Amino acid sequence: MPAFPALETLVDNFRSRRPIRAGSLIITVYGDAIAPRGGTVWLGSLINLLEPLGLNQRLVRTSVFRLAKENWLVADQVGRRSYYSLTGPGIRRFRKAFKRVYAEHNPEWDGRWLMAILSQLNQDDRQKLRQELEWHGFGHLAPTVMLHPQMQKPELQAILQEFDYQDDVIMLEDLGEGAVASRALRLQTRESWNLPKLAENYQNFLDKFRPIWNHLKEKDNPTPEQCFQIRVLLIHEYRRIILRDPELPDELLPGDWAGSAARQLCNNIYQRVWEGAEAHMNDVLETAEGPLPPPNSKFFQRYGGLRSQ
């Protein structure tokens, strides 16, 4: 395998994390790589795929069993082999989460705010939902009022249904025409979201992956296995940030917003390595019928259209 110091550093840093959170990485692999190719793989081949990233057999098995209990995955036993597929709810969660990951640009904003009023929940339920909505990029307008500039009502309704809170939370939409660039709204944005922390997360992402991009631009193409490692760690790190990003309109963000550079960097690297990563998965992953099926048509729509290198 050709030398790739930046990738070796990236993998070593991931392997040294404690806890390593194998379940989260497996979710990334299913969402990014397995879902577009039928959604089912033999557990043994998944173990082989992830072992170079520091996930041993016991850790992968334990994490997959836990994801099955949480209704992300379901097992099908064929002889002595277990094949794990996405559940229906798992597929819906992936589609909702990963749609934002592969967007080429920030969505246009029409001035609409979606608000969730939590005052009718008891304190424990309110705290549980508040944490969930923060994960989806909601900000705080008041102690019991949260808001989001991009989420649509059906998406919020789906979240509330998962928690069985659909009858206890008030949803309101407000079209704040003409208020986009107002001083009051810019100040409220800083109070409602921790933009400095989000910017710090994006900057850390840039610091991690710019050396990868510099190597890709200057050296020969990496091996298929290296492409897979880059791709899975890239999407794993990026999705953890983008899902917390409310994707505020440019008018409400600092002029040097690191999120814009992070999105472009993620796009550039993904375009360079996706094809090699697919080749590596062809060699390693197995289904009950044999090799993985080819990616579906939606896969090639990522980042405005994937291109062969």
# chains A, B, ... in the order shown; residues from 1 in each chain; ligands from 1

call {"tool": "select_by_dssp", "arguments": {"residues": "region 165-278 of chain A", "states": "alpha helix (DSSP H)", "output": "number ranges by chain"}}
result
A: 183-192, 195-218, 224-242, 258-278

call {"tool": "closest_atom_pairs", "arguments": {"of": "region 52-142 of chain A", "to": "region 287-298 of chain A", "cutoff": "10 Å", "atoms": "only C-alpha atoms", "output": "JSON lines"}}
result
{"residue": "A:Asp76", "atom": "CA", "partner": "A:Ala288", "partner_atom": "CA", "distance": 9.5}
{"residue": "A:Gln77", "atom": "CA", "partner": "A:Ala288", "partner_atom": "CA", "distance": 9.6}
{"residue": "A:Val78", "atom": "CA", "partner": "A:Ala288", "partner_atom": "CA", "distance": 7.5}
{"residue": "A:Arg81", "atom": "CA", "partner": "A:Ala288", "partner_atom": "CA", "distance": 8.7}
{"residue": "A:Ser82", "atom": "CA", "partner": "A:Ala288", "partner_atom": "CA", "distance": 9.1}
{"residue": "A:Tyr83", "atom": "CA", "partner": "A:Thr287", "partner_atom": "CA", "distance": 7.1}
{"residue": "A:Tyr84", "atom": "CA", "partner": "A:Thr287", "partner_atom": "CA", "distance": 9.2}

call {"tool": "write_last_selection", "arguments": {"atoms": "C-alpha atoms", "output": "tab-separated table (two decimals), in the first residue's frame"}}
result
chain	number	residue	atom	x	y	z
A	76	ASP	CA	-31.66	-12.86	8.62
A	77	GLN	CA	-30.01	-16.20	9.41
A	78	VAL	CA	-28.91	-18.28	6.40
A	81	ARG	CA	-24.26	-16.84	8.63
A	82	SER	CA	-26.11	-13.70	9.78
A	83	TYR	CA	-27.05	-11.08	7.23
A	84	TYR	CA	-28.04	-7.67	8.55

call {"tool": "atom_distance", "arguments": {"atom1": "CA of Leu7 (chain A)", "atom2": "CA of Val41 (chain A)"}}
result
26.2 Å

call {"tool": "atom_distance", "arguments": {"atom1": "CA of Met146 (chain A)", "atom2": "CA of Ile117 (chain A)"}}
result
6.6 Å

call {"tool": "residues_around", "arguments": {"residues": "Gln271 (chain A)", "least_positions_apart": "3", "cutoff": "9 Å", "atoms": "only C-alpha atoms", "output": "ChimeraX atom specification"}}
result
/A:266-268,274-275,303,305-309

call {"tool": "select_by_dssp", "arguments": {"residues": "region 44-233 of chain A", "states": "strand (DSSP E or B)", "output": "VMD selection string"}}
result
chain A and resid 73 to 78 81 to 86 112 to 117 139 to 142 145 to 148 170 to 175

call {"tool": "residues_around", "arguments": {"residues": "region 164-171 of chain A", "least_positions_apart": "5", "cutoff": "10 Å", "atoms": "only C-alpha atoms", "output": "ChimeraX atom specification"}}
result
/A:114-122,125-126,129,145-147,153,156-159

call {"tool": "closest_atom_pairs", "arguments": {"of": "region 53-72 of chain A", "to": "region 28-35 of chain A", "cutoff": "12 Å", "atoms": "only C-alpha atoms", "output": "JSON lines"}}
result
{"residue": "A:Val64", "atom": "CA", "partner": "A:Tyr30", "partner_atom": "CA", "distance": 11.1}
{"residue": "A:Leu67", "atom": "CA", "partner": "A:Tyr30", "partner_atom": "CA", "distance": 11.4}
{"residue": "A:Trp72", "atom": "CA", "partner": "A:Tyr30", "partner_atom": "CA", "distance": 10.0}

call {"tool": "write_last_selection", "arguments": {"atoms": "C-alpha atoms", "output": "PDB file, in the first residue's frame"}}
result
ATOM      1  CA  VAL A  64     -24.618  -4.585  15.468  1.00  0.00           C
ATOM      2  CA  LEU A  67     -28.401  -1.483  16.626  1.00  0.00           C
ATOM      3  CA  TRP A  72     -31.946   0.169  13.049  1.00  0.00           C
TER       4      TRP A  72
END

call {"tool": "residues_around", "arguments": {"residues": "region 251-261 of chain A", "least_positions_apart": "3", "cutoff": "10 Å", "atoms": "only C-alpha atoms", "output": "PyMOL selection string"}}
result
chain A and resi 105-106+180-183+185-190+195-196+198-206+241-242+245+247-248+264-267
